[in-house]
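File shown here: target-v3.cif, holding mmCIF, C-alpha atoms and all ligand atoms.
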```
data_query
loop_
_atom_site.label_atom_id
_atom_site.label_comp_id
_atom_site.auth_asym_id
_atom_site.auth_seq_id
_atom_site.Cartn_x
_atom_site.Cartn_y
_atom_site.Cartn_z
CA MET E 4 85.75 54.20 79.60
CA ALA E 5 85.94 57.14 77.22
CA THR E 6 88.59 55.24 75.27
CA ASP E 7 86.26 52.21 75.11
CA ALA E 8 83.48 54.36 73.68
CA LEU E 9 85.78 55.77 71.03
CA GLN E 10 87.18 52.36 70.08
CA LYS E 11 83.65 51.13 69.49
CA THR E 12 83.33 53.57 66.60
CA THR E 13 85.91 51.55 64.66
CA LEU E 14 83.61 48.53 64.61
CA ARG E 15 80.22 47.94 63.03
CA VAL E 16 77.04 47.94 65.12
CA GLU E 17 76.43 44.20 64.72
CA GLN E 18 80.06 43.54 65.64
CA LEU E 19 79.28 45.36 68.90
CA GLY E 20 76.33 43.03 69.47
CA VAL E 21 73.85 45.91 69.40
CA SER E 22 70.47 45.11 67.87
CA SER E 23 67.95 47.44 69.54
CA GLN E 24 67.17 51.14 69.89
CA ALA E 25 68.10 50.95 73.57
CA GLY E 26 71.53 49.53 72.65
CA VAL E 27 72.13 52.32 70.11
CA ASP E 28 71.03 55.01 72.60
CA ALA E 29 73.44 53.56 75.18
CA LEU E 30 76.33 53.79 72.69
CA PHE E 31 75.58 57.45 71.90
CA SER E 32 75.08 58.29 75.55
CA GLU E 33 78.55 56.93 76.29
CA LEU E 34 80.01 59.08 73.50
CA ARG E 35 78.16 62.21 74.70
CA SER E 36 79.69 61.81 78.18
CA ALA E 37 83.17 61.45 76.67
CA ALA E 38 82.65 64.50 74.43
CA ASP E 39 81.27 66.67 77.26
CA ALA E 40 84.21 65.75 79.51
CA GLU E 41 86.66 66.76 76.77
CA ALA E 42 84.81 70.00 75.94
CA ALA E 43 85.10 71.05 79.58
CA GLN E 44 88.89 70.86 79.28
CA ILE E 45 89.15 73.34 76.37
CA ARG E 46 91.40 76.23 77.49
CA GLY E 47 92.45 78.05 74.35
CA PRO E 48 92.18 78.25 70.58
CA GLU E 49 94.51 75.27 70.08
CA SER E 50 92.66 72.84 72.31
CA LEU E 51 89.38 74.01 70.76
CA GLU E 52 90.63 73.21 67.25
CA ALA E 53 91.93 69.80 68.40
CA PHE E 54 88.52 69.01 69.87
CA ARG E 55 86.73 70.07 66.70
CA VAL E 56 89.00 67.97 64.44
CA LYS E 57 88.77 64.92 66.70
CA TRP E 58 84.98 64.89 66.90
CA LEU E 59 83.71 66.67 63.80
CA GLY E 60 86.65 66.43 61.37
CA ARG E 61 85.51 65.37 57.90
CA ARG E 62 88.19 62.78 57.17
CA ASP E 63 88.68 60.92 60.42
CA GLY E 64 86.48 62.69 62.95
CA ILE E 65 84.50 60.44 65.29
CA SER E 66 81.17 61.52 63.78
CA SER E 67 82.49 60.69 60.29
CA ARG E 68 83.65 57.33 61.57
CA ILE E 69 80.22 56.59 63.03
CA SER E 70 78.65 57.48 59.73
CA GLU E 71 81.10 55.19 57.93
CA ASN E 72 81.12 52.24 60.37
CA TRP E 73 77.76 52.30 62.13
CA LEU E 74 75.32 54.01 59.78
CA LYS E 75 76.21 52.86 56.26
CA PRO E 76 76.55 49.11 56.89
CA ALA E 77 73.71 48.97 59.48
CA PRO E 78 70.74 46.71 58.74
CA PRO E 79 67.75 48.79 57.57
CA VAL E 80 65.89 48.40 60.87
CA MET E 81 68.83 49.89 62.82
CA LYS E 82 69.64 52.74 60.36
CA LYS E 83 66.80 54.89 61.71
CA PHE E 84 68.07 54.73 65.28
CA VAL E 85 71.74 55.21 64.39
CA GLY E 86 70.87 58.14 62.07
CA ALA E 87 68.84 59.87 64.78
CA GLY E 88 71.56 59.29 67.40
CA LEU E 89 74.25 60.59 65.06
CA ASN E 90 72.26 63.76 64.31
CA GLN E 91 71.78 64.46 67.99
CA LEU E 92 75.47 63.87 68.70
CA ARG E 93 76.52 66.25 65.89
CA THR E 94 74.16 68.97 67.13
CA ALA E 95 75.53 68.60 70.65
CA LEU E 96 79.16 68.69 69.41
CA GLU E 97 78.52 71.82 67.34
CA ALA E 98 76.91 73.50 70.36
CA SER E 99 79.96 72.59 72.47
CA VAL E 100 82.30 74.08 69.86
CA GLU E 101 80.27 77.32 69.70
CA SER E 102 80.16 77.80 73.46
CA ALA E 103 83.87 76.98 73.79
CA LYS E 104 84.62 79.61 71.12
CA ASN E 105 82.94 82.26 73.27
CA SER E 106 84.75 81.33 76.46
CA VAL E 107 88.11 81.18 74.63
CA ALA E 108 87.45 84.71 73.34
CA ASP E 109 86.77 85.81 76.92
CA ILE E 110 90.07 84.36 78.08
CA GLU E 111 91.93 86.19 75.29
CA THR E 112 90.32 89.62 75.48
CA GLY E 113 88.70 89.73 78.88
CA PRO E 114 85.02 90.47 79.38
CA PRO E 115 83.46 93.09 77.12
CA ILE E 116 84.19 96.66 78.30
CA ASP E 117 81.31 98.50 79.93
CA LEU E 118 81.97 102.18 79.23
CA SER E 119 79.28 103.25 81.67
CA LEU E 120 81.13 101.82 84.71
CA PRO E 121 82.75 104.39 87.04
CA GLY E 122 86.55 104.70 86.63
CA ILE E 123 89.19 103.49 89.08
CA GLU E 124 89.62 106.16 91.74
CA ARG E 125 93.20 107.35 92.23
CA PRO E 126 93.67 108.88 95.67
CA VAL E 127 95.14 112.40 95.44
CA GLY E 128 98.07 113.13 97.76
CA THR E 129 98.89 116.42 99.45
CA SER E 130 102.09 118.40 99.99
CA HIS E 131 104.22 117.26 102.88
CA LEU E 132 104.08 119.61 105.87
CA ILE E 133 107.76 120.52 105.33
CA ARG E 134 107.02 121.39 101.70
CA GLN E 135 104.05 123.50 102.81
CA THR E 136 106.23 125.33 105.34
CA TYR E 137 108.87 126.01 102.69
CA GLU E 138 106.23 127.40 100.38
CA GLU E 139 105.00 129.76 103.05
CA LEU E 140 108.52 130.94 103.92
CA GLU E 141 109.28 131.49 100.25
CA ARG E 142 106.09 133.49 99.79
CA ILE E 143 107.04 135.78 102.72
CA PHE E 144 110.52 136.50 101.35
CA LEU E 145 109.57 136.70 97.68
CA ALA E 146 107.17 139.51 98.64
CA ILE E 147 110.10 141.74 99.71
CA GLY E 148 112.35 141.10 96.73
CA PHE E 149 114.26 137.94 97.62
CA SER E 150 114.64 135.20 95.04
CA VAL E 151 114.99 131.44 95.58
CA VAL E 152 118.17 129.56 94.66
CA GLU E 153 119.05 125.93 95.26
CA GLY E 154 122.38 124.13 95.30
CA PRO E 155 124.13 120.77 95.60
CA GLU E 156 123.73 118.63 98.70
CA MET E 157 127.20 117.18 98.13
CA GLU E 158 129.77 119.90 98.71
CA THR E 159 133.48 120.51 98.94
CA PRO E 160 135.06 121.51 102.26
CA TYR E 161 135.92 124.83 100.61
CA TYR E 162 132.29 125.88 100.12
CA ASN E 163 130.99 124.26 103.29
CA PHE E 164 133.74 125.59 105.58
CA GLU E 165 136.74 127.56 104.30
CA ALA E 166 134.99 130.22 102.25
CA LEU E 167 132.59 130.74 105.15
CA ASN E 168 135.51 131.70 107.34
CA ILE E 169 135.72 128.28 109.03
CA PRO E 170 139.34 127.18 108.43
CA GLU E 171 140.58 123.69 109.24
CA HIS E 172 140.88 122.98 112.99
CA HIS E 173 138.43 125.79 113.71
CA PRO E 174 136.30 124.72 116.71
CA ALA E 175 133.10 125.56 114.80
CA ARG E 176 133.69 122.43 112.70
CA ASP E 177 133.23 120.32 115.82
CA ASN E 178 129.66 121.57 116.19
CA MET E 179 128.81 120.30 112.76
CA ASP E 180 129.63 116.60 112.81
CA THR E 181 130.06 116.01 109.14
CA PHE E 182 129.37 113.08 106.81
CA TYR E 183 132.36 112.71 104.50
CA ILE E 184 131.81 110.72 101.32
CA GLU E 185 134.21 107.82 100.96
CA GLY E 186 136.24 107.75 97.76
CA SER E 187 135.06 111.22 96.69
CA GLY E 188 138.37 113.01 97.28
CA GLY E 189 137.13 114.76 100.41
CA HIS E 190 133.58 115.70 99.40
CA LEU E 191 130.98 115.90 102.12
CA LEU E 192 127.25 116.24 102.63
CA ARG E 193 126.65 119.91 103.33
CA THR E 194 126.06 120.66 107.02
CA HIS E 195 124.16 123.86 106.26
CA THR E 196 122.75 125.72 103.25
CA SER E 197 125.36 128.49 103.68
CA PRO E 198 127.63 127.21 100.85
CA MET E 199 125.06 128.73 98.48
CA GLN E 200 125.94 132.18 99.86
CA ILE E 201 129.43 131.69 98.44
CA ARG E 202 128.30 130.04 95.19
CA THR E 203 125.84 132.87 94.51
CA MET E 204 128.23 135.74 95.30
CA GLU E 205 130.94 134.10 93.20
CA LYS E 206 128.67 134.17 90.16
CA GLU E 207 126.67 137.36 90.62
CA PRO E 208 127.71 140.96 91.23
CA PRO E 209 125.96 142.77 94.11
CA PRO E 210 123.24 143.45 95.08
CA VAL E 211 122.24 139.94 96.17
CA ARG E 212 118.99 139.00 97.86
CA ILE E 213 118.45 135.25 98.03
CA ILE E 214 116.87 132.55 100.11
CA VAL E 215 118.11 128.96 99.87
CA PRO E 216 115.77 126.11 100.83
CA GLY E 217 117.32 122.66 101.15
CA LYS E 218 118.24 119.54 103.07
CA VAL E 219 121.35 119.47 105.24
CA TYR E 220 123.13 116.59 106.97
CA ARG E 221 124.87 116.13 110.30
CA ARG E 222 125.97 113.07 112.22
CA ASP E 223 123.47 112.83 115.01
CA ASN E 224 121.43 110.20 116.81
CA PRO E 225 117.80 110.46 115.76
CA ASP E 226 115.38 111.32 118.56
CA ALA E 227 112.40 113.61 119.10
CA THR E 228 114.42 116.76 118.38
CA HIS E 229 117.45 115.50 116.44
CA GLY E 230 118.00 113.81 113.11
CA PHE E 231 120.81 113.31 110.63
CA ILE E 232 118.84 115.08 107.91
CA PHE E 233 117.02 118.31 108.46
CA HIS E 234 115.65 121.17 106.41
CA GLN E 235 117.06 124.67 106.38
CA LEU E 236 116.22 128.00 104.88
CA GLU E 237 119.21 130.23 104.33
CA GLY E 238 118.93 133.94 103.62
CA LEU E 239 121.45 136.46 102.34
CA ALA E 240 121.17 140.15 101.47
CA VAL E 241 124.23 142.12 100.34
CA ASP E 242 124.22 145.65 98.95
CA TYR E 243 126.08 148.97 99.18
CA ASP E 244 124.03 150.48 101.96
CA ILE E 245 122.60 147.72 104.17
CA THR E 246 122.68 148.48 107.89
CA PHE E 247 121.90 146.58 111.05
CA CYS E 248 118.55 148.40 111.06
CA ASP E 249 117.62 146.88 107.72
CA PHE E 250 118.47 143.48 109.14
CA ARG E 251 116.33 144.10 112.23
CA GLY E 252 113.45 145.36 110.05
CA VAL E 253 113.50 142.24 107.87
CA VAL E 254 113.55 139.99 110.96
CA ASP E 255 110.51 141.79 112.41
CA TYR E 256 108.64 141.66 109.12
CA PHE E 257 109.36 137.97 108.70
CA VAL E 258 108.38 136.93 112.23
CA ARG E 259 105.09 138.87 112.10
CA ALA E 260 104.25 137.49 108.68
CA LEU E 261 104.88 133.97 109.93
CA LEU E 262 103.56 134.00 113.49
CA GLY E 263 101.19 136.96 113.66
CA PRO E 264 101.31 140.72 114.35
CA LYS E 265 101.44 140.40 118.15
CA VAL E 266 104.67 138.42 118.28
CA LYS E 267 107.71 140.35 119.52
CA THR E 268 111.33 139.72 118.57
CA ARG E 269 114.58 140.14 120.44
CA LEU E 270 118.17 139.69 119.35
CA ARG E 271 120.61 137.89 121.59
CA PRO E 272 124.38 138.11 121.02
CA SER E 273 125.73 134.91 119.52
CA TYR E 274 128.66 133.65 117.49
CA PHE E 275 128.97 132.30 113.95
CA PRO E 276 132.25 132.45 112.01
CA PHE E 277 130.56 133.87 108.89
CA THR E 278 128.66 136.72 110.58
CA GLU E 279 129.93 139.59 112.71
CA PRO E 280 128.16 140.62 114.85
CA SER E 281 125.99 137.51 115.20
CA ALA E 282 122.63 137.22 116.85
CA GLU E 283 120.09 134.59 117.84
CA VAL E 284 116.59 135.73 117.01
CA ASP E 285 114.11 134.98 119.81
CA VAL E 286 110.38 135.51 119.49
CA SER E 287 107.81 135.96 122.23
CA CYS E 288 106.00 132.65 122.77
CA HIS E 289 103.04 132.45 120.39
CA VAL E 290 101.33 129.89 122.66
CA CYS E 291 101.27 131.75 126.00
CA GLY E 292 101.96 135.28 124.73
CA GLY E 293 105.06 135.53 126.92
CA SER E 294 103.71 134.52 130.32
CA GLY E 295 105.41 131.12 130.26
CA CYS E 296 104.29 127.63 129.19
CA ARG E 297 105.71 124.25 128.24
CA THR E 298 106.40 125.27 124.62
CA CYS E 299 108.71 128.13 125.72
CA LYS E 300 110.02 126.14 128.71
CA PHE E 301 108.40 128.83 130.94
CA SER E 302 110.74 131.56 129.71
CA GLY E 303 108.22 133.40 127.53
CA TRP E 304 110.69 133.34 124.61
CA ILE E 305 111.44 130.86 121.86
CA GLU E 306 114.76 130.68 120.03
CA LEU E 307 113.92 130.84 116.33
CA PHE E 308 117.09 131.13 114.25
CA GLY E 309 120.67 132.34 114.00
CA SER E 310 121.71 135.37 111.99
CA GLY E 311 124.02 138.34 111.77
CA MET E 312 125.81 140.83 109.57
CA VAL E 313 127.98 139.12 106.96
CA ASN E 314 131.57 138.85 108.22
CA PRO E 315 133.73 141.03 105.93
CA ALA E 316 136.20 138.12 105.76
CA VAL E 317 133.65 136.22 103.65
CA TYR E 318 133.62 138.93 100.96
CA GLY E 319 137.30 138.29 100.44
CA PHE E 320 136.56 134.77 99.19
CA VAL E 321 134.13 135.93 96.49
CA GLY E 322 135.87 139.06 95.21
CA TYR E 323 133.42 141.53 96.81
CA ASP E 324 134.78 144.80 98.22
CA PRO E 325 134.35 144.61 102.03
CA LYS E 326 134.89 148.36 102.38
CA ARG E 327 131.89 149.25 100.22
CA LEU E 328 129.52 146.31 100.74
CA SER E 329 127.56 145.15 103.73
CA GLY E 330 124.76 142.69 104.34
CA PHE E 331 123.10 140.21 106.58
CA ALA E 332 122.53 136.46 106.60
CA PHE E 333 120.33 134.05 108.50
CA GLY E 334 119.69 130.32 108.63
CA MET E 335 116.66 128.67 110.12
CA GLY E 336 115.63 125.09 110.80
CA VAL E 337 112.41 124.53 108.89
CA ASP E 338 111.53 121.34 110.80
CA ARG E 339 111.76 123.29 114.06
CA LEU E 340 109.56 126.10 112.71
CA ALA E 341 106.91 123.60 111.62
CA MET E 342 107.06 121.80 114.99
CA LEU E 343 106.59 125.07 116.87
CA ARG E 344 103.78 126.22 114.66
CA TYR E 345 101.75 123.03 114.66
CA GLY E 346 102.61 121.79 118.14
CA ILE E 347 104.42 118.70 116.83
CA THR E 348 106.55 117.07 119.51
CA ASP E 349 108.46 114.46 117.49
CA LEU E 350 110.79 115.48 114.67
CA GLN E 351 110.80 111.90 113.33
CA ALA E 352 107.15 112.30 112.28
CA PHE E 353 108.39 114.34 109.28
CA PHE E 354 110.48 111.43 108.00
CA GLN E 355 108.31 108.41 108.82
CA ASN E 356 105.68 109.37 106.23
CA ASP E 357 102.84 107.82 108.21
CA VAL E 358 99.75 108.86 106.25
CA ARG E 359 97.76 109.19 109.48
CA PHE E 360 100.13 112.04 110.39
CA LEU E 361 100.40 113.54 106.89
CA ARG E 362 96.63 113.64 106.38
CA GLN E 363 96.28 116.03 109.31
CA PHE E 364 97.89 118.73 107.16
CA PRO E 365 95.97 118.72 103.89
ZN ZN C 401 105.03 129.98 126.13
#
```
Can the structure in the file be given as structure tokens, please?
Ligand SMILES: [Zn+2]
Amino acid sequence: MATDALQKTTLRVEQLGVSSQAGVDALFSELRSAADAEAAQIRGPESLEAFRVKWLGRRDGISSRISENWLKPAPPVMKKFVGAGLNQLRTALEASVESAKNSVADIETGPPIDLSLPGIERPVGTSHLIRQTYEELERIFLAIGFSVVEGPEMETPYYNFEALNIPEHHPARDNMDTFYIEGSGGHLLRTHTSPMQIRTMEKEPPPVRIIVPGKVYRRDNPDATHGFIFHQLEGLAVDYDITFCDFRGVVDYFVRALLGPKVKTRLRPSYFPFTEPSAEVDVSCHVCGGSGCRTCKFSGWIELFGSGMVNPAVYGFVGYDPKRLSGFAFGMGVDRLAMLRYGITDLQAFFQNDVRFLRQFP
């Protein structure tokens, strides 16, 4: 139908058999419908220009053709009606072009920017509970002269085992089911942060006072208290005059700073290849005060971390003089500390990153 209307503009009015105002109006009405339908399809600057040329183009635009074919040769009585119809059509076409220009500009640049609108809110995250615990532990030890060092998570067996007095076939290796890295020439994921004791003493002359925060890896089946990644804090102090009393004093200071002034400590004999003597540090239960509850398994005591005086054999690996130097070392599970402190019963909560859990520790 639109095509019919356009074809009619190639003929003269009397050839179309039109001889009244009503006939002329009907012709223009047909053209207006065709033009409106096409204007609605304009989607970009190119289709807008095509529309303008087709309908308003000077040389062969439809309005020029009407002027040429309908208006000029029309009998005088019809000229008035054709002229009026053509003027109305041109006005309508120009209005269509103008409005299409605006909507094309909107498509290209988007709506005008309202600078008074509020900005897009970016939610602010918080530190993970493990990170928060590390920061607190670091603050406690920095206050008494320790400094923080960090080291590689991929280690050699030498730093992870041998230099810590754990030779091959030593039974202590069995307790630390190790991830070995295929194709790495025997490298492994460190099973504890203790390799940094060796790396630090190798590089620095005594005295040494460091803590080492970091992730460690062991082959284990994940459950509420086990995982194959966990977080440790290692400590090492070596100097010319460090005694077991200094060690005990630092343990007491640390436990009170972390868990409160009323908490008591006790040392239980233990065994680690890199300390001699070795001790487990127990603290009186901070939940029940020592009378027995579920947290302390009704013993009144909670096992907190392993420690001891540095085994003189270790000094041999780093060129320190074991006759003149002494020191102590400790290693604690940061996940376990955070669980105890906040009453968290599932270790996996630290790794699942469920925001409903994380938001409880802003
Ligand atoms: Zn208790």
Around the point (94.8, 111.1, 102.6) in the file's coordinates, collect all residues with an atom within 7 Å, using only C-alpha atoms, and return them as a PyMOL selection string. chain E and resi 128+358+362
Sorted by chain and rising residue number, which residues of chain E lie within 10 Å of ligand ZN 401 (chain C), and what are their closest atom pairs and distances in Å to one decimal, counting all atoms listed in the file, as a tab-separated table?
```
residue	atom	partner	partner_atom	distance
E:Ser287	CA	C:ZN401	ZN	7.7
E:Cys288	CA	C:ZN401	ZN	4.4
E:His289	CA	C:ZN401	ZN	6.6
E:Val290	CA	C:ZN401	ZN	5.1
E:Cys291	CA	C:ZN401	ZN	4.2
E:Gly292	CA	C:ZN401	ZN	6.3
E:Gly293	CA	C:ZN401	ZN	5.6
E:Ser294	CA	C:ZN401	ZN	6.3
E:Gly295	CA	C:ZN401	ZN	4.3
E:Cys296	CA	C:ZN401	ZN	3.9
E:Arg297	CA	C:ZN401	ZN	6.1
E:Thr298	CA	C:ZN401	ZN	5.1
E:Cys299	CA	C:ZN401	ZN	4.1
E:Lys300	CA	C:ZN401	ZN	6.8
E:Phe301	CA	C:ZN401	ZN	6.0
E:Ser302	CA	C:ZN401	ZN	6.9
E:Gly303	CA	C:ZN401	ZN	4.9
E:Trp304	CA	C:ZN401	ZN	6.8
E:Ile305	CA	C:ZN401	ZN	7.8
```
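Using only C-alpha atoms for every distance, the candidate list E:Arg46, E:Leu34, E:Leu307, E:Asp117 yields E:Leu307 as the residue closest to Arg344 (chain E).
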Of E:Ile201, E:Ala29, E:Leu118, E:Leu51, the one sitting nearest Glu101 (chain E) when using all atoms listed in the file is E:Leu51
Go through E:Tyr243, E:Phe360, E:Phe277, E:Phe231 and flag the residue nearest Pro170 (chain E), using only C-alpha atoms for the distances.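 Smallest distance to Pro170 (chain E) is found for E:Phe277.
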Would you pick out the contacts of region 204-217 of chain E at 6 Å or less, using all atoms listed in the file, so that residues sharing its chain but fewer than 3 positions from it are not included, and give the list as a VMD selection string? chain E and resid 149 to 153 201 234 to 242 321
Residue nearest Lys326 (chain E) among E:Asp244, E:Val258, E:Trp58, E:Gly86 (counting all atoms listed in the file):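 Among E:Asp244, E:Val258, E:Trp58, E:Gly86, it is E:Asp244 that comes nearest to Lys326 (chain E).
When CA of Ile169 (chain E) is paired with CA of Thr196 (chain E), their separation reads 14.4 Å.
Considering only C-alpha atoms, the residue among E:Ala227, E:Ala87, E:Tyr183, E:Gly334 positioned nearest to Pro198 (chain E) is E:Gly334.
Look at Ala8 (chain E): the protein and nucleic acid residues within 8 Å of it, using only C-alpha atoms and passing over chain neighbours fewer than 5 places away, are Leu30, Glu33, Leu34 and Ala37 of chain E.
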